[in-house]
$ cat my_file_8.txt   # compact mmCIF, C-alpha atoms and all ligand atoms
# COMPACT_ATOMS: atom_id res chain seq x y z
CA MET A 1 0.00 0.00 0.00
CA SER A 2 1.58 3.31 -1.06
CA PRO A 3 1.89 6.08 -0.13
CA ARG A 4 1.92 5.53 3.63
CA LEU A 5 -0.94 6.84 5.74
CA ARG A 6 0.11 9.77 7.88
CA ILE A 7 -1.26 9.77 11.43
CA GLY A 8 -1.06 12.15 14.38
CA VAL A 9 -1.74 10.81 17.86
CA ILE A 10 -3.32 12.76 20.72
CA GLY A 11 -3.04 11.10 24.14
CA PHE A 12 0.13 9.10 24.75
CA GLY A 13 -0.86 7.12 27.84
CA ARG A 14 -1.49 3.41 28.02
CA MET A 15 -3.67 3.12 24.89
CA GLY A 16 -1.84 5.79 22.89
CA ARG A 17 1.41 3.94 23.45
CA GLY A 18 -0.24 0.66 22.46
CA PHE A 19 -1.42 2.21 19.20
CA VAL A 20 1.93 3.84 18.47
CA ALA A 21 3.82 0.57 19.10
CA GLU A 22 1.59 -1.17 16.58
CA LEU A 23 1.77 1.73 14.09
CA LEU A 24 5.56 1.53 14.18
CA ARG A 25 5.40 -2.18 13.36
CA SER A 26 3.38 -1.48 10.24
CA LYS A 27 4.72 -0.53 6.81
CA VAL A 28 1.42 1.16 6.01
CA TRP A 29 1.46 3.85 8.67
CA GLU A 30 3.73 6.80 9.41
CA VAL A 31 3.55 8.40 12.88
CA VAL A 32 3.95 12.10 12.13
CA SER A 33 3.09 13.73 15.44
CA ILE A 34 2.28 12.92 19.06
CA CYS A 35 0.54 15.22 21.51
CA ASP A 36 0.25 14.74 25.24
CA GLY A 37 -0.46 17.21 28.02
CA TRP A 38 1.98 15.55 30.40
CA GLU A 39 5.72 16.23 30.09
CA PRO A 40 6.95 12.72 31.04
CA SER A 41 4.69 11.28 28.35
CA ARG A 42 6.15 13.69 25.80
CA GLN A 43 9.66 12.64 26.82
CA THR A 44 8.68 9.00 26.30
CA ALA A 45 7.12 9.93 22.94
CA LYS A 46 10.37 11.59 21.80
CA ARG A 47 12.34 8.47 22.67
CA THR A 48 9.77 6.18 21.05
CA VAL A 49 9.41 8.05 17.75
CA PRO A 50 12.46 10.30 17.34
CA GLY A 51 11.28 11.54 13.94
CA ALA A 52 7.84 12.68 15.10
CA VAL A 53 6.75 16.17 16.11
CA VAL A 54 6.03 15.96 19.84
CA THR A 55 3.83 18.66 21.30
CA ALA A 56 1.54 19.61 24.19
CA ASP A 57 -0.83 21.41 21.82
CA PRO A 58 -3.59 19.29 20.20
CA ASP A 59 -4.08 22.00 17.55
CA ALA A 60 -0.52 21.42 16.30
CA VAL A 61 -1.70 17.93 15.33
CA LEU A 62 -5.25 18.74 14.25
CA ASN A 63 -4.24 21.68 12.02
CA ASP A 64 -1.64 19.67 10.09
CA SER A 65 -3.20 19.36 6.65
CA SER A 66 -0.64 16.72 5.62
CA LEU A 67 -2.26 14.15 7.95
CA ASP A 68 -4.73 11.51 6.80
CA VAL A 69 -5.79 10.29 10.23
CA VAL A 70 -5.79 11.38 13.85
CA GLY A 71 -5.82 8.92 16.75
CA LEU A 72 -7.68 10.25 19.82
CA PHE A 73 -6.47 8.35 22.87
CA THR A 74 -7.01 10.88 25.66
CA LEU A 75 -9.62 10.27 28.33
CA ALA A 76 -13.29 10.62 27.36
CA ASP A 77 -13.90 14.20 28.42
CA ALA A 78 -11.29 15.60 26.05
CA ARG A 79 -12.63 13.73 23.03
CA PRO A 80 -15.72 15.70 21.92
CA GLN A 81 -13.83 18.86 21.09
CA LEU A 82 -11.03 16.89 19.43
CA ILE A 83 -13.48 14.87 17.31
CA ARG A 84 -15.32 17.99 16.15
CA LYS A 85 -12.13 19.74 15.20
CA ALA A 86 -10.79 16.65 13.40
CA LEU A 87 -14.00 16.35 11.38
CA LYS A 88 -13.87 20.05 10.55
CA ASN A 89 -10.27 19.63 9.34
CA LYS A 90 -11.25 16.64 7.17
CA LEU A 91 -9.28 14.05 9.11
CA HIS A 92 -10.27 10.41 9.42
CA ILE A 93 -10.39 9.35 13.08
CA ILE A 94 -9.54 6.35 15.22
CA ALA A 95 -11.01 7.13 18.65
CA GLU A 96 -10.84 5.34 21.93
CA LYS A 97 -14.09 4.53 23.67
CA PRO A 98 -16.25 6.04 25.07
CA LEU A 99 -16.69 8.92 22.64
CA ALA A 100 -17.41 11.36 25.46
CA ALA A 101 -17.96 11.47 29.20
CA GLY A 102 -21.77 11.36 28.96
CA SER A 103 -24.46 9.98 26.67
CA ALA A 104 -25.91 13.30 25.49
CA ALA A 105 -22.50 14.36 24.21
CA GLU A 106 -21.93 10.95 22.65
CA TRP A 107 -25.16 11.09 20.65
CA LYS A 108 -24.36 14.60 19.39
CA LEU A 109 -21.02 13.26 18.19
CA VAL A 110 -22.63 10.23 16.53
CA LYS A 111 -24.86 12.65 14.63
CA ALA A 112 -21.88 14.76 13.54
CA ILE A 113 -19.86 11.67 12.58
CA GLU A 114 -22.68 10.13 10.58
CA ALA A 115 -23.29 13.43 8.77
CA SER A 116 -19.63 13.70 7.76
CA ASP A 117 -17.82 11.96 4.90
CA ARG A 118 -14.90 10.98 7.18
CA LEU A 119 -14.27 7.44 8.41
CA VAL A 120 -14.45 7.20 12.21
CA ALA A 121 -13.59 3.99 14.06
CA VAL A 122 -14.13 3.54 17.79
CA ASN A 123 -12.04 0.99 19.65
CA ILE A 124 -14.72 -1.33 20.97
CA PHE A 125 -12.07 -3.96 20.48
CA ASN A 126 -14.16 -7.10 20.88
CA ARG A 127 -15.63 -6.37 17.44
CA ASN A 128 -12.13 -6.99 16.06
CA ALA A 129 -11.67 -10.28 17.98
CA TRP A 130 -11.48 -13.46 15.90
CA TYR A 131 -13.17 -15.49 18.69
CA HIS A 132 -16.28 -13.31 18.93
CA GLN A 133 -16.52 -13.05 15.14
CA GLU A 134 -16.46 -16.86 14.85
CA ILE A 135 -19.12 -17.25 17.55
CA VAL A 136 -21.37 -14.65 15.91
CA ASN A 137 -21.00 -16.45 12.56
CA PHE A 138 -21.75 -19.79 14.23
CA ILE A 139 -24.93 -18.40 15.81
CA ARG A 140 -26.00 -16.92 12.45
CA SER A 141 -25.38 -20.25 10.69
CA GLY A 142 -28.18 -21.83 12.73
CA GLN A 143 -25.89 -24.43 14.33
CA ILE A 144 -27.17 -23.71 17.86
CA GLY A 145 -30.83 -23.37 16.81
CA ASP A 146 -32.59 -20.26 18.08
CA LEU A 147 -30.40 -18.14 20.30
CA ALA A 148 -32.01 -17.97 23.75
CA ILE A 149 -29.45 -16.88 26.35
CA VAL A 150 -26.25 -14.80 26.26
CA ARG A 151 -23.92 -14.83 29.24
CA VAL A 152 -20.82 -12.63 29.53
CA CYS A 153 -18.38 -12.33 32.39
CA HIS A 154 -15.24 -10.25 32.81
CA MET A 155 -13.64 -10.25 36.26
CA THR A 156 -9.98 -9.43 36.89
CA PRO A 157 -7.84 -7.87 39.64
CA GLY A 158 -7.71 -4.75 37.44
CA HIS A 159 -8.04 -0.96 37.56
CA MET A 160 -8.67 0.36 41.09
CA PRO A 161 -10.46 3.48 42.38
CA THR A 162 -8.15 6.55 42.21
CA GLU A 163 -5.98 5.02 39.46
CA GLY A 164 -7.43 7.30 36.76
CA HIS A 165 -10.19 7.04 34.13
CA ASP A 166 -12.53 9.24 36.21
CA PRO A 167 -14.55 10.45 33.18
CA GLU A 168 -15.05 6.82 32.12
CA GLY A 169 -16.79 5.99 35.40
CA PRO A 170 -16.66 2.82 37.50
CA PRO A 171 -15.64 -0.47 35.87
CA PHE A 172 -19.11 -1.48 34.70
CA HIS A 173 -19.03 1.51 32.36
CA ASP A 174 -15.29 1.98 31.77
CA CYS A 175 -14.72 -1.68 30.88
CA GLY A 176 -18.21 -3.18 31.09
CA MET A 177 -19.47 -1.21 28.10
CA HIS A 178 -17.36 -3.60 25.98
CA TYR A 179 -19.37 -6.54 27.31
CA VAL A 180 -22.68 -4.71 27.02
CA ASP A 181 -21.67 -4.34 23.36
CA VAL A 182 -20.72 -8.02 22.98
CA ALA A 183 -24.06 -9.27 24.38
CA ARG A 184 -25.99 -6.92 22.06
CA TRP A 185 -23.87 -8.01 19.09
CA TYR A 186 -24.54 -11.70 19.82
CA ALA A 187 -28.27 -11.06 20.37
CA GLN A 188 -28.63 -8.81 17.29
CA SER A 189 -31.25 -6.82 19.14
CA GLU A 190 -31.66 -3.78 21.37
CA TYR A 191 -31.82 -3.97 25.17
CA ALA A 192 -35.42 -3.99 26.48
CA SER A 193 -35.18 -4.24 30.29
CA TRP A 194 -32.82 -5.27 33.07
CA HIS A 195 -32.09 -5.41 36.78
CA ALA A 196 -28.60 -4.76 38.11
CA GLN A 197 -26.97 -5.50 41.47
CA GLY A 198 -23.64 -4.13 42.59
CA ALA A 199 -21.26 -4.57 45.50
CA ARG A 200 -19.21 -1.71 46.97
CA LEU A 201 -16.01 -3.49 47.82
CA TRP A 202 -13.66 -1.92 50.35
CA ASN A 203 -16.52 0.43 51.34
CA TYR A 204 -15.76 2.51 48.23
CA LYS A 205 -18.57 4.87 47.20
CA GLU A 206 -19.12 3.22 43.77
CA PRO A 207 -19.89 -0.44 43.06
CA TRP A 208 -16.68 -1.98 41.70
CA TRP A 209 -18.55 -5.19 40.82
CA VAL A 210 -21.90 -5.28 39.02
CA THR A 211 -24.07 -7.99 37.55
CA ALA A 212 -27.01 -7.17 35.28
CA HIS A 213 -29.57 -9.52 33.84
CA GLY A 214 -32.48 -8.84 31.55
CA VAL A 215 -33.96 -9.28 28.13
CA PHE A 216 -33.49 -7.96 24.60
CA LYS A 217 -36.39 -6.80 22.43
CA ASN A 218 -36.22 -10.06 20.45
CA GLY A 219 -36.65 -12.15 23.62
CA VAL A 220 -33.04 -13.24 24.05
CA VAL A 221 -32.16 -13.07 27.74
CA PHE A 222 -28.75 -12.14 29.10
CA ASP A 223 -26.56 -11.79 32.12
CA ILE A 224 -23.44 -9.62 32.20
CA THR A 225 -21.03 -9.60 35.13
CA GLN A 226 -18.09 -7.24 35.34
CA GLY A 227 -15.82 -6.41 38.22
CA PHE A 228 -12.25 -5.38 38.95
CA VAL A 229 -12.46 -7.07 42.34
CA TYR A 230 -11.05 -10.48 41.54
CA GLY A 231 -8.30 -11.34 44.02
CA HIS A 232 -6.10 -8.25 43.94
CA LEU A 233 -4.04 -9.49 46.87
CA SER A 234 -4.00 -13.17 46.04
CA GLN A 235 -0.51 -14.64 45.95
CA VAL A 236 -0.95 -15.75 42.36
CA LYS A 237 -3.35 -13.54 40.43
CA THR A 238 -6.16 -14.98 38.36
CA HIS A 239 -9.24 -13.87 36.45
CA ASN A 240 -12.52 -15.23 35.07
CA CYS A 241 -13.51 -14.14 31.57
CA TYR A 242 -15.99 -15.86 29.29
CA ALA A 243 -18.88 -15.43 26.90
CA GLU A 244 -21.44 -18.02 25.92
CA ALA A 245 -24.42 -18.22 23.63
CA ILE A 246 -26.98 -20.87 24.47
CA GLY A 247 -29.42 -21.83 21.75
CA THR A 248 -32.42 -24.16 21.54
CA LYS A 249 -30.14 -26.83 20.05
CA GLY A 250 -26.51 -26.04 20.74
CA VAL A 251 -24.00 -23.88 22.55
CA ALA A 252 -21.12 -21.60 21.53
CA ARG A 253 -18.68 -20.32 24.10
CA MET A 254 -15.27 -18.77 24.61
CA THR A 255 -12.83 -18.16 27.36
CA HIS A 256 -9.37 -16.62 27.45
CA ASN A 257 -6.33 -16.23 29.65
CA PHE A 258 -5.06 -12.95 28.07
CA ARG A 259 -2.50 -14.94 26.08
CA THR A 260 -4.71 -17.33 24.16
CA ALA A 261 -8.46 -17.52 23.58
CA THR A 262 -10.38 -20.75 23.15
CA ILE A 263 -13.70 -21.22 21.42
CA GLU A 264 -15.84 -24.32 21.83
CA LEU A 265 -18.68 -24.52 19.35
CA HIS A 266 -21.20 -27.30 19.88
CA GLY A 267 -23.59 -27.17 16.94
CA VAL A 268 -26.00 -29.71 15.50
CA THR A 269 -23.63 -30.89 12.78
CA GLU A 270 -20.39 -29.11 13.66
CA THR A 271 -18.23 -29.36 16.76
CA ILE A 272 -15.26 -27.03 16.80
CA SER A 273 -12.63 -26.43 19.42
CA LYS A 274 -9.93 -23.90 18.63
CA THR A 275 -7.25 -22.06 20.59
CA ALA A 276 -5.32 -19.15 19.07
CA PRO A 277 -3.56 -15.98 20.28
CA PHE A 278 -5.75 -13.62 22.31
CA GLY A 279 -4.23 -10.55 20.66
CA ASP A 280 -4.77 -8.13 23.56
CA LYS A 281 -6.72 -5.10 22.27
CA LYS A 282 -6.55 -6.23 18.63
CA ILE A 283 -4.94 -2.92 17.66
CA ASP A 284 -3.20 -4.59 14.70
CA VAL A 285 -6.59 -5.72 13.40
CA MET A 286 -8.06 -2.24 13.85
CA LEU A 287 -5.16 -0.53 12.07
CA ASP A 288 -5.28 -3.00 9.20
CA VAL A 289 -9.04 -2.74 8.61
CA PHE A 290 -8.96 1.04 9.00
CA ALA A 291 -6.10 1.44 6.49
CA ARG A 292 -7.87 -0.78 3.97
CA SER A 293 -11.11 1.14 4.55
CA ILE A 294 -9.42 4.46 3.78
CA MET A 295 -8.03 3.00 0.55
CA ALA A 296 -11.47 1.62 -0.35
CA GLY A 297 -13.28 4.80 0.69
CA LYS A 298 -15.75 2.87 2.84
CA ASN A 299 -15.96 0.94 6.11
CA LEU A 300 -14.67 -2.59 5.49
CA GLY A 301 -15.57 -3.75 8.98
CA PHE A 302 -14.20 -1.46 11.69
CA PRO A 303 -16.29 -0.80 14.83
CA ILE A 304 -18.48 2.28 14.63
CA ALA A 305 -19.50 5.22 16.80
CA ARG A 306 -23.20 4.28 16.99
CA ASP A 307 -22.47 0.85 18.53
CA SER A 308 -20.11 2.49 21.02
CA ALA A 309 -22.69 5.13 21.99
CA ILE A 310 -25.38 2.48 22.54
CA ALA A 311 -23.08 0.31 24.65
CA SER A 312 -21.99 3.31 26.68
CA GLU A 313 -25.54 4.56 27.25
CA VAL A 314 -26.81 1.14 28.36
CA ALA A 315 -23.78 0.53 30.59
CA TRP A 316 -24.38 3.88 32.34
CA ALA A 317 -28.07 2.99 32.79
CA MET A 318 -27.26 -0.44 34.23
CA LEU A 319 -24.71 1.13 36.55
CA ARG A 320 -27.32 3.64 37.76
CA ASP A 321 -29.68 0.73 38.40
CA ALA A 322 -27.00 -1.06 40.42
CA ALA A 323 -26.41 2.11 42.46
CA LYS A 324 -30.16 2.45 43.08
CA ASN A 325 -30.45 -1.15 44.31
CA ASN A 326 -28.50 -0.53 47.51
CA PRO A 327 -25.16 -2.15 46.71
CA PRO A 328 -23.79 -3.32 50.05
CA ALA A 329 -20.46 -2.03 51.35
CA ILE A 330 -18.09 -4.92 51.98
CA GLY A 331 -14.57 -4.55 53.38
CA THR A 332 -12.58 -1.52 54.46
CA PRO A 333 -10.71 1.47 53.02
CA ALA A 334 -7.58 -0.01 54.62
CA GLN A 335 -7.93 -3.04 52.35
CA MET A 336 -8.29 -0.75 49.34
CA GLN A 337 -5.19 1.18 50.38
CA ALA A 338 -3.24 -2.06 50.74
CA ILE A 339 -4.22 -3.03 47.20
CA LEU A 340 -3.22 0.38 45.83
CA GLU A 341 0.18 0.15 47.54
CA HIS A 342 0.63 -3.40 46.27
CA ARG A 343 -0.18 -2.31 42.69
CA LYS A 344 2.30 0.57 42.83
CA ALA A 345 5.03 -2.02 43.28
CA LEU A 346 3.83 -4.25 40.44
CA THR A 347 5.54 -4.06 37.07
CA ASP A 348 3.35 -6.73 35.54
CA GLY A 349 -0.31 -6.89 36.40
CA TYR A 350 -3.87 -6.36 35.31
CA GLY A 351 -4.68 -2.88 33.96
CA LEU A 352 -1.78 -1.10 35.63
CA PRO A 353 -1.70 2.65 34.98
CA VAL A 354 1.18 4.21 33.04
CA ARG A 355 3.68 5.60 35.56
CA ASP A 356 6.66 6.90 33.58
CA GLY A 357 9.01 5.98 36.39
CA THR A 358 7.59 8.28 39.06
CA ALA A 359 5.37 7.32 41.95
CA ASP A 360 2.34 9.36 41.04
CA ASN A 361 2.74 10.88 37.63
CA ARG A 362 -0.61 10.58 35.91
CA LEU A 363 -2.78 13.48 34.93
CA ILE A 364 -5.99 14.28 36.59
CA ALA A 365 -8.26 14.28 33.57
CA PRO A 366 -9.19 17.69 32.19
CA ILE A 367 -12.37 18.97 33.76
CA ALA A 368 -15.49 18.35 31.74
CA CYS A 369 -17.90 21.26 31.63
CA GLY A 370 -21.07 19.88 30.13
CA GLU A 371 -19.72 18.01 27.17
CA GLU A 372 -16.68 20.03 26.20
CA LEU A 373 -13.07 19.97 27.20
CA CYS A 374 -12.59 23.33 28.82
CA CYS A 375 -9.33 23.26 30.73
CA GLN A 376 -5.72 22.35 30.35
CA PRO A 377 -4.70 19.08 31.98
CA VAL A 378 -3.40 19.51 35.51
CA LYS A 379 -0.92 17.39 37.36
CA ALA A 380 -2.12 14.86 39.93
CA GLY A 381 -2.54 16.57 43.28
CA ALA A 382 -2.50 20.05 41.75
CA ARG A 383 -5.40 22.39 42.29
CA ARG A 384 -7.95 22.41 39.49
CA LYS A 385 -8.81 25.84 38.15
CA ALA A 386 -12.40 26.75 37.58
CA CYS A 387 -13.31 26.77 33.92
N1 LIG B 401 -10.59 -0.02 24.07
C1 LIG B 401 -10.09 -0.49 25.19
O1 LIG B 401 -10.08 -1.68 25.46
C2 LIG B 401 -9.53 0.47 26.20
C3 LIG B 401 -8.70 0.03 27.23
C4 LIG B 401 -8.17 0.99 28.11
C5 LIG B 401 -8.52 2.31 27.96
N2 LIG B 401 -9.37 2.68 26.96
C6 LIG B 401 -9.74 4.08 26.75
O2 LIG B 401 -8.62 4.75 26.19
C7 LIG B 401 -8.58 6.09 26.68
C8 LIG B 401 -7.19 6.34 27.27
O3 LIG B 401 -7.02 5.45 28.34
P1 LIG B 401 -5.55 5.18 28.92
O4 LIG B 401 -5.68 4.02 29.82
O5 LIG B 401 -4.57 5.20 27.82
O6 LIG B 401 -5.42 6.49 29.80
P2 LIG B 401 -4.08 7.19 30.28
O7 LIG B 401 -4.45 8.08 31.42
O8 LIG B 401 -2.99 6.20 30.45
O9 LIG B 401 -3.68 8.09 29.00
C9 LIG B 401 -4.36 9.24 28.62
C10 LIG B 401 -3.32 10.21 28.12
O10 LIG B 401 -3.98 11.32 27.53
C11 LIG B 401 -3.30 12.50 27.89
N3 LIG B 401 -4.27 13.61 27.82
C12 LIG B 401 -5.41 13.76 28.50
N4 LIG B 401 -6.06 14.86 28.09
C13 LIG B 401 -5.30 15.41 27.12
C14 LIG B 401 -5.45 16.55 26.30
N5 LIG B 401 -6.51 17.34 26.38
N6 LIG B 401 -4.47 16.83 25.41
C15 LIG B 401 -3.39 16.01 25.30
N7 LIG B 401 -3.21 14.91 26.05
C16 LIG B 401 -4.16 14.62 26.95
C17 LIG B 401 -2.79 12.25 29.30
O11 LIG B 401 -1.66 13.03 29.59
C18 LIG B 401 -2.44 10.77 29.24
O12 LIG B 401 -1.07 10.57 28.91
C19 LIG B 401 -9.70 6.22 27.72
O13 LIG B 401 -10.79 6.89 27.15
C20 LIG B 401 -10.09 4.79 28.03
O14 LIG B 401 -11.46 4.65 28.31
C21 LIG B 401 -9.85 1.79 26.10
$ encode --input "my_file_8.txt" --output "structure tokens"
Amino acid sequence: MSPRLRIGVIGFGRMGRGFVAELLRSKVWEVVSICDGWEPSRQTAKRTVPGAVVTADPDAVLNDSSLDVVGLFTLADARPQLIRKALKNKLHIIAEKPLAAGSAAEWKLVKAIEASDRLVAVNIFNRNAWYHQEIVNFIRSGQIGDLAIVRVCHMTPGHMPTEGHDPEGPPFHDCGMHYVDVARWYAQSEYASWHAQGARLWNYKEPWWVTAHGVFKNGVVFDITQGFVYGHLSQVKTHNCYAEAIGTKGVARMTHNFRTATIELHGVTETISKTAPFGDKKIDVMLDVFARSIMAGKNLGFPIARDSAIASEVAWAMLRDAAKNNPPAIGTPAQMQAILEHRKALTDGYGLPVRDGTADNRLIAPIACGEELCCQPVKAGARRKAC
């Protein structure tokens, strides 16, 4: 593919670095510029891509008319303004999820995106996963009869309160929106009703574990369980992640261990068991399909803003339901503190924040006023200015 696609990246934290690492592996992409509001991240960016323009000013990226694409990997509250400006400047966009810090802003963006002629992918990464794609195809083939029940579970000793992602909300939204999306994708229907229960581990104000069950408009029933509460202080860490589709005749399911994923498909005439690499966030798949889509001038299969906005909206609603249903407080703040201290010392773990070699070096996310980014990022612990 020639010439190479020129991309600027805004947000060089955990996901931005993941995207840049994969971009550098590709012959198709050229990383032209990287923007981050945090000096240690900019230093890391300079070392990672010595030839790129590294800046603290998003406009220096967005106003570069030589770019084809911008990658928006900040937190959610910075994204609306960046997306609008990128569309205005005729850039294609790869955006992290969620599109914004609240549903009203997300739907306004979906409207703007769908009215534009630009290609906009949102990283609801499960849509790029070989294992979910094979299960969805198996369901569609009729091998399990009529789909009746979808069950999804994602529990790890992951992201803790105070470790960032404030605009993304507690785990059932921040991470759980991915699984709200998977269940809807399997069911091929819209959510009709649900009941959610949460648990407020360590006496934290928000439920860090939530389970929701309910029904789709087409009668498929579901349960979704998500929690970053799964044995943070266990000697050997573990997790429990699966999805299964139960039909009137057969069953299709998957599980993974973050290195490999396994599907087991029990259909009426086909029985398939397959294990292959998990592929983390499937960024290579996203970059490949997005590059081919730009060349083709149409979406060849990347995940879209509308699906992200629906998943986000439903995840927020389920989370609100869990909060309303009196989630019990279990445990103590001292336990939470012990976990946070333990995670600071970890170099390999579940969902560890980017630290850039200092003890507490992440940004507090820019303040969201309504739906717009309205402030400069401020350092953790620093006083936030009023907008
Ligand atoms: N798709 C997935 O599976 C997945 C997984 C993790 C995170 N995410 C999403 O990716 C996004 C980033 O998450 P992360 O874990 O990389 O966060 P992070 O805090 O590690 O990185 C965010 C980076 O953006 C920078 N930043 C924030 N506002 C900025 C602004 N206005 N201008 C320039 N730089 C700015 C920060 O300095 C930081 O380096 C979040 O929206 C999160 O929800 C998605």
$ atom_distance --input "my_file_8.txt" --atom1 "atom O4 of ligand LIG 401 (chain B)" --atom2 "atom CA of Gly13 of chain A"
6.1 Å
$ closest_residue --input "my_file_8.txt" --among "A:Lys205, A:His232, A:Lys282, A:His195" --to "ligand LIG 401 (chain B)" --atoms "all atoms listed in the file"
A:Lys282
$ residues_near_ligand --input "my_file_8.txt" --ligand "ligand LIG 401 (chain B)" --cutoff "8 Å" --atoms "all atoms listed in the file" --output "ChimeraX atom specification"
/A:10-17,35-38,41,56-58,73-79,96-99,123-125,164-165,167-168,174-175,178,281,351,353-354,362-363,365-366,373,375-377
$ write_last_selection --input "my_file_8.txt" --atoms "C-alpha atoms" --output "PDB file, in the frame of the given file"
ATOM      1  CA  ILE A  10      -3.320  12.760  20.720  1.00  0.00           C
ATOM      2  CA  GLY A  11      -3.040  11.100  24.140  1.00  0.00           C
ATOM      3  CA  PHE A  12       0.130   9.100  24.750  1.00  0.00           C
ATOM      4  CA  GLY A  13      -0.860   7.120  27.840  1.00  0.00           C
ATOM      5  CA  ARG A  14      -1.490   3.410  28.020  1.00  0.00           C
ATOM      6  CA  MET A  15      -3.670   3.120  24.890  1.00  0.00           C
ATOM      7  CA  GLY A  16      -1.840   5.790  22.890  1.00  0.00           C
ATOM      8  CA  ARG A  17       1.410   3.940  23.450  1.00  0.00           C
ATOM      9  CA  CYS A  35       0.540  15.220  21.510  1.00  0.00           C
ATOM     10  CA  ASP A  36       0.250  14.740  25.240  1.00  0.00           C
ATOM     11  CA  GLY A  37      -0.460  17.210  28.020  1.00  0.00           C
ATOM     12  CA  TRP A  38       1.980  15.550  30.400  1.00  0.00           C
ATOM     13  CA  SER A  41       4.690  11.280  28.350  1.00  0.00           C
ATOM     14  CA  ALA A  56       1.540  19.610  24.190  1.00  0.00           C
ATOM     15  CA  ASP A  57      -0.830  21.410  21.820  1.00  0.00           C
ATOM     16  CA  PRO A  58      -3.590  19.290  20.200  1.00  0.00           C
ATOM     17  CA  PHE A  73      -6.470   8.350  22.870  1.00  0.00           C
ATOM     18  CA  THR A  74      -7.010  10.880  25.660  1.00  0.00           C
ATOM     19  CA  LEU A  75      -9.620  10.270  28.330  1.00  0.00           C
ATOM     20  CA  ALA A  76     -13.290  10.620  27.360  1.00  0.00           C
ATOM     21  CA  ASP A  77     -13.900  14.200  28.420  1.00  0.00           C
ATOM     22  CA  ALA A  78     -11.290  15.600  26.050  1.00  0.00           C
ATOM     23  CA  ARG A  79     -12.630  13.730  23.030  1.00  0.00           C
ATOM     24  CA  GLU A  96     -10.840   5.340  21.930  1.00  0.00           C
ATOM     25  CA  LYS A  97     -14.090   4.530  23.670  1.00  0.00           C
ATOM     26  CA  PRO A  98     -16.250   6.040  25.070  1.00  0.00           C
ATOM     27  CA  LEU A  99     -16.690   8.920  22.640  1.00  0.00           C
ATOM     28  CA  ASN A 123     -12.040   0.990  19.650  1.00  0.00           C
ATOM     29  CA  ILE A 124     -14.720  -1.330  20.970  1.00  0.00           C
ATOM     30  CA  PHE A 125     -12.070  -3.960  20.480  1.00  0.00           C
ATOM     31  CA  GLY A 164      -7.430   7.300  36.760  1.00  0.00           C
ATOM     32  CA  HIS A 165     -10.190   7.040  34.130  1.00  0.00           C
ATOM     33  CA  PRO A 167     -14.550  10.450  33.180  1.00  0.00           C
ATOM     34  CA  GLU A 168     -15.050   6.820  32.120  1.00  0.00           C
ATOM     35  CA  ASP A 174     -15.290   1.980  31.770  1.00  0.00           C
ATOM     36  CA  CYS A 175     -14.720  -1.680  30.880  1.00  0.00           C
ATOM     37  CA  HIS A 178     -17.360  -3.600  25.980  1.00  0.00           C
ATOM     38  CA  LYS A 281      -6.720  -5.100  22.270  1.00  0.00           C
ATOM     39  CA  GLY A 351      -4.680  -2.880  33.960  1.00  0.00           C
ATOM     40  CA  PRO A 353      -1.700   2.650  34.980  1.00  0.00           C
ATOM     41  CA  VAL A 354       1.180   4.210  33.040  1.00  0.00           C
ATOM     42  CA  ARG A 362      -0.610  10.580  35.910  1.00  0.00           C
ATOM     43  CA  LEU A 363      -2.780  13.480  34.930  1.00  0.00           C
ATOM     44  CA  ALA A 365      -8.260  14.280  33.570  1.00  0.00           C
ATOM     45  CA  PRO A 366      -9.190  17.690  32.190  1.00  0.00           C
ATOM     46  CA  LEU A 373     -13.070  19.970  27.200  1.00  0.00           C
ATOM     47  CA  CYS A 375      -9.330  23.260  30.730  1.00  0.00           C
ATOM     48  CA  GLN A 376      -5.720  22.350  30.350  1.00  0.00           C
ATOM     49  CA  PRO A 377      -4.700  19.080  31.980  1.00  0.00           C
TER      50      PRO A 377
END
$ residues_around --input "my_file_8.txt" --residues "Ala212 of chain A" --least-positions-apart "6" --cutoff "9 Å" --atoms "only C-alpha atoms" --output "short mmCIF file (atom, residue, chain, number, x, y, z; two decimals) with C-alpha atoms, keeping the file's coordinate frame"
data_model
loop_
_atom_site.label_atom_id
_atom_site.label_comp_id
_atom_site.auth_asym_id
_atom_site.auth_seq_id
_atom_site.Cartn_x
_atom_site.Cartn_y
_atom_site.Cartn_z
CA TRP A 194 -32.82 -5.27 33.07
CA HIS A 195 -32.09 -5.41 36.78
CA ALA A 196 -28.60 -4.76 38.11
CA GLN A 197 -26.97 -5.50 41.47
CA GLY A 198 -23.64 -4.13 42.59
CA PHE A 222 -28.75 -12.14 29.10
CA ASP A 223 -26.56 -11.79 32.12
CA ILE A 224 -23.44 -9.62 32.20
CA THR A 225 -21.03 -9.60 35.13
CA GLN A 226 -18.09 -7.24 35.34
CA MET A 318 -27.26 -0.44 34.23
CA LEU A 319 -24.71 1.13 36.55
CA ASP A 321 -29.68 0.73 38.40
CA ALA A 322 -27.00 -1.06 40.42
#
$ residues_near_point --input "my_file_8.txt" --point "(-20.4, 3.1, 40.0)" --cutoff "7 Å" --atoms "all atoms listed in the file" --output "list in words"
Gly169, Pro170, Glu206, Pro207, Trp208, Leu319 and Ala323 of chain A
$ residues_near_point --input "my_file_8.txt" --point "(1.8, 1.3, 10.6)" --cutoff "9 Å" --atoms "only C-alpha atoms" --output "list of chain:residue names"
A:Arg4, A:Leu5, A:Val20, A:Ala21, A:Glu22, A:Leu23, A:Leu24, A:Arg25, A:Ser26, A:Lys27, A:Val28, A:Trp29, A:Glu30, A:Val31, A:Asp284, A:Leu287, A:Asp288, A:Ala291
$ decode --input "my_file_8.txt" --residues "segment 326-330 of chain A" --atoms "C-alpha atoms" --output "short mmCIF file (atom, residue, chain, number, x, y, z; two decimals), in the first residue's frame"
data_model
loop_
_atom_site.label_atom_id
_atom_site.label_comp_id
_atom_site.auth_asym_id
_atom_site.auth_seq_id
_atom_site.Cartn_x
_atom_site.Cartn_y
_atom_site.Cartn_z
CA ASN A 326 -28.50 -0.53 47.51
CA PRO A 327 -25.16 -2.15 46.71
CA PRO A 328 -23.79 -3.32 50.05
CA ALA A 329 -20.46 -2.03 51.35
CA ILE A 330 -18.09 -4.92 51.98
#
